[in-house]
Amino acid sequence: MSSSHRPTTQIHAPFGRLITAMVTPFKKDGSIDWDGVAKLSQHLADTGHDAIAVNGTTGEAPTTKSSEKLEIIKVVKSTVGDRVKVLTGAGDNETSYTVEQSKRCAEAGADGLLIVTPYYNKPPQAGIEAHFRAVADATDLPIMMYDIPGRTGVAIEEDTICRLAEVPNIVALKDAKGNPASTSWVIQRTGLPVYSGDDILNLPLLSIGAVGFVSVCGHTVGLQLRAMLDAWFAGDALTALEIHQKLLPVFTGTFRTQGAILTKAALELMGLPGGYTRLPLVDATDAQIAQLREDLQAGGVTLN
């Protein structure tokens, strides 16, 4: 299929095409494994990534302190340098905290912000819009909105996204809504760069105009995801489909329980520092690890 039939392939990808939401490796005592943070970010930089997103859901942001988040930015930035961009989650369900944390993240060296919809308090659309505008007004950093109603309890509605897309430094949307029909309309109406936030929907979202992925499975299959992206944007939809189908066991297997738990287990199986989780997350059981090993091997991942 030629790109002339897919005009949305001309949408700029402001953070590149392949981004992974990085886990935060903890030691058994709950402290951060800083050597592990550096090693993981190096691994991602070496496996086809354009950017790394730290301090997100997969990074266990709900259980890391503000000061830890800032240090993670600094360590990852010092490790990868200018090779890849470093995005950071700074979102909270309190707007004033989100604004101040966004400023601190900029000072720490982040290249962009990943701002999730305020969660738990279920604000109306007017409140969601005001929240994002307040953050955008407070920083010069480019912002990727993060729409994941399954976690936040409320979606960013199409009209709200379209209004926010007009804000100069709101430059992208991470879409984990699981509603390609709605996302189709957002892309058609705004041309806003959309990143798939759900690995099993990566290829379907490319087909409606997404520019790339904010992946979890990029920890384990980054090179394959890069190959899928390269094939798709070269007009080779068949190869992209073949890669998608081969990776289905990985996409499914990584999320049999909470994604950070099994991603950390997968990294350990690959000889990389996944580390432990912090409560209320719990480490994968022996049975879960055995199933994960089968899933990863079925998807072609080389394990130790």
# chains A, B, ... in the order shown; residues from 1 in each chain; ligands from 1
>>> residues_around(residues="A:Arg17", least_positions_apart="3", cutoff="9 Å", atoms="only C-alpha atoms", output="list of chain:residue names")
A:Ala13, A:Pro14, A:His49, A:Asp50, A:Ala51, A:Tyr195, A:Val211, A:Gly212, A:Phe213, A:Val214, A:Arg226, A:Leu229
>>> residues_around(residues="stretch 242-245 of chain A", least_positions_apart="5", cutoff="9 Å", atoms="only C-alpha atoms", output="PyMOL selection string")
chain A and resi 200+202-203+224-225+227-228+237+299
>>> write_last_selection(atoms="C-alpha atoms", output="PDB file, in the first residue's frame")
ATOM      1  CA  ILE A 200      -1.690  -5.942  21.251  1.00  0.00           C
ATOM      2  CA  ASN A 202      -0.059  -1.577  18.069  1.00  0.00           C
ATOM      3  CA  LEU A 203      -0.669  -2.682  14.498  1.00  0.00           C
ATOM      4  CA  GLN A 224      10.939  -6.763  16.566  1.00  0.00           C
ATOM      5  CA  LEU A 225       8.690  -3.781  17.285  1.00  0.00           C
ATOM      6  CA  ALA A 227      11.027  -3.957  12.512  1.00  0.00           C
ATOM      7  CA  MET A 228       7.211  -3.818  12.550  1.00  0.00           C
ATOM      8  CA  ALA A 237       1.822  -4.154   5.625  1.00  0.00           C
ATOM      9  CA  GLY A 299       7.099 -15.337  20.629  1.00  0.00           C
TER      10      GLY A 299
END
>>> closest_residue(among="A:Gly48, A:Pro62, A:Pro193, A:Gly300", to="A:Leu18", atoms="only C-alpha atoms")
A:Gly48
>>> select_by_dssp(residues="stretch 46-162 of chain A", states="helix (DSSP H, G or I)", output="number ranges by chain")
A: 61-63, 66-80, 95-108, 125-138, 149-152, 158-162
>>> residues_around(residues="A:Leu192", least_positions_apart="6", cutoff="7 Å", atoms="only C-alpha atoms", output="PyMOL selection string")
chain A and resi 165+171-172
>>> select_by_dssp(residues="stretch 176-219 of chain A", states="strand (DSSP E)", output="list in words")
Val194, Tyr195, Ser196, Gly212, Phe213, Val214 and Ser215 of chain A
>>> write_last_selection(atoms="all heavy atoms", output="PDB file, in the first residue's frame")
ATOM      1  N   VAL A 194      -0.627  10.232  17.510  1.00  0.00           N
ATOM      2  CA  VAL A 194      -1.137   9.273  18.480  1.00  0.00           C
ATOM      3  C   VAL A 194      -0.177   8.101  18.580  1.00  0.00           C
ATOM      4  O   VAL A 194       0.292   7.567  17.566  1.00  0.00           O
ATOM      5  CB  VAL A 194      -2.547   8.776  18.077  1.00  0.00           C
ATOM      6  CG1 VAL A 194      -2.977   7.582  18.928  1.00  0.00           C
ATOM      7  CG2 VAL A 194      -3.561   9.913  18.208  1.00  0.00           C
ATOM      8  N   TYR A 195       0.120   7.710  19.808  1.00  0.00           N
ATOM      9  CA  TYR A 195       0.957   6.541  20.089  1.00  0.00           C
ATOM     10  C   TYR A 195       0.098   5.458  20.726  1.00  0.00           C
ATOM     11  O   TYR A 195      -0.656   5.736  21.662  1.00  0.00           O
ATOM     12  CB  TYR A 195       2.096   6.912  21.043  1.00  0.00           C
ATOM     13  CG  TYR A 195       3.163   7.784  20.434  1.00  0.00           C
ATOM     14  CD1 TYR A 195       2.985   9.172  20.345  1.00  0.00           C
ATOM     15  CD2 TYR A 195       4.350   7.252  19.943  1.00  0.00           C
ATOM     16  CE1 TYR A 195       3.954   9.986  19.790  1.00  0.00           C
ATOM     17  CE2 TYR A 195       5.330   8.063  19.382  1.00  0.00           C
ATOM     18  CZ  TYR A 195       5.129   9.424  19.313  1.00  0.00           C
ATOM     19  OH  TYR A 195       6.102  10.226  18.753  1.00  0.00           O
ATOM     20  N   SER A 196       0.228   4.242  20.226  1.00  0.00           N
ATOM     21  CA  SER A 196      -0.484   3.122  20.835  1.00  0.00           C
ATOM     22  C   SER A 196       0.050   2.867  22.234  1.00  0.00           C
ATOM     23  O   SER A 196       1.259   2.736  22.437  1.00  0.00           O
ATOM     24  CB  SER A 196      -0.298   1.853  19.991  1.00  0.00           C
ATOM     25  OG  SER A 196      -0.768   0.718  20.700  1.00  0.00           O
ATOM     26  N   GLY A 212       3.265   5.679  16.251  1.00  0.00           N
ATOM     27  CA  GLY A 212       4.231   4.825  16.934  1.00  0.00           C
ATOM     28  C   GLY A 212       3.629   4.210  18.175  1.00  0.00           C
ATOM     29  O   GLY A 212       2.407   4.208  18.352  1.00  0.00           O
ATOM     30  N   PHE A 213       4.520   3.704  19.035  1.00  0.00           N
ATOM     31  CA  PHE A 213       4.091   2.950  20.221  1.00  0.00           C
ATOM     32  C   PHE A 213       4.741   3.535  21.476  1.00  0.00           C
ATOM     33  O   PHE A 213       5.904   3.931  21.453  1.00  0.00           O
ATOM     34  CB  PHE A 213       4.532   1.481  20.149  1.00  0.00           C
ATOM     35  CG  PHE A 213       4.329   0.787  18.840  1.00  0.00           C
ATOM     36  CD1 PHE A 213       5.238  -0.167  18.405  1.00  0.00           C
ATOM     37  CD2 PHE A 213       3.228   1.066  18.028  1.00  0.00           C
ATOM     38  CE1 PHE A 213       5.073  -0.825  17.196  1.00  0.00           C
ATOM     39  CE2 PHE A 213       3.050   0.410  16.817  1.00  0.00           C
ATOM     40  CZ  PHE A 213       3.980  -0.542  16.400  1.00  0.00           C
ATOM     41  N   VAL A 214       3.968   3.537  22.573  1.00  0.00           N
ATOM     42  CA  VAL A 214       4.565   3.585  23.909  1.00  0.00           C
ATOM     43  C   VAL A 214       4.309   2.198  24.484  1.00  0.00           C
ATOM     44  O   VAL A 214       3.211   1.877  24.926  1.00  0.00           O
ATOM     45  CB  VAL A 214       3.949   4.678  24.797  1.00  0.00           C
ATOM     46  CG1 VAL A 214       4.629   4.665  26.174  1.00  0.00           C
ATOM     47  CG2 VAL A 214       4.120   6.050  24.153  1.00  0.00           C
ATOM     48  N   SER A 215       5.329   1.380  24.419  1.00  0.00           N
ATOM     49  CA  SER A 215       5.199  -0.052  24.624  1.00  0.00           C
ATOM     50  C   SER A 215       5.612  -0.468  26.033  1.00  0.00           C
ATOM     51  O   SER A 215       6.341   0.248  26.719  1.00  0.00           O
ATOM     52  CB  SER A 215       6.088  -0.769  23.590  1.00  0.00           C
ATOM     53  OG  SER A 215       6.099  -2.159  23.795  1.00  0.00           O
TER      54      SER A 215
END
>>> closest_residue(among="A:Asn169, A:Ser67, A:Gln101, A:Gln288", to="A:Phe255", atoms="only C-alpha atoms")
A:Gln288
>>> closest_residue(among="A:Gln188, A:Thr117, A:Thr139, A:Ser78", to="A:Val99", atoms="only C-alpha atoms")
A:Thr139
>>> atom_distance(atom1="atom CA of A:Ile170", atom2="atom CA of A:Met144")
6.2 Å
>>> atom_distance(atom1="atom CA of A:Ile72", atom2="atom CA of A:Tyr120")
25.5 Å
>>> residues_around(residues="A:Gly218", least_positions_apart="6", cutoff="8 Å", atoms="only C-alpha atoms", output="VMD selection string")
chain A and resid 19 to 20 44 225
>>> atom_distance(atom1="atom CA of A:Lys39", atom2="atom CA of A:Asp199")
23.2 Å
>>> residues_around(residues="A:Gly127", least_positions_apart="6", cutoff="12 Å", atoms="only C-alpha atoms", output="ChimeraX atom specification")
/A:93-95,117-119,121,133-134,154,156,160
>>> closest_residue(among="A:Ile187, A:Leu238, A:Ala284, A:Ala21", to="A:Leu262", atoms="only C-alpha atoms")
A:Ala284
>>> residues_around(residues="stretch 86-89 of chain A", least_positions_apart="5", cutoff="6 Å", atoms="only C-alpha atoms", output="list in words")
Ala51, Ile52, Ala53, Val54, Asn55, Gly56, Ala110, Asp111, Gly112, Leu113, Leu114 and Ile115 of chain A
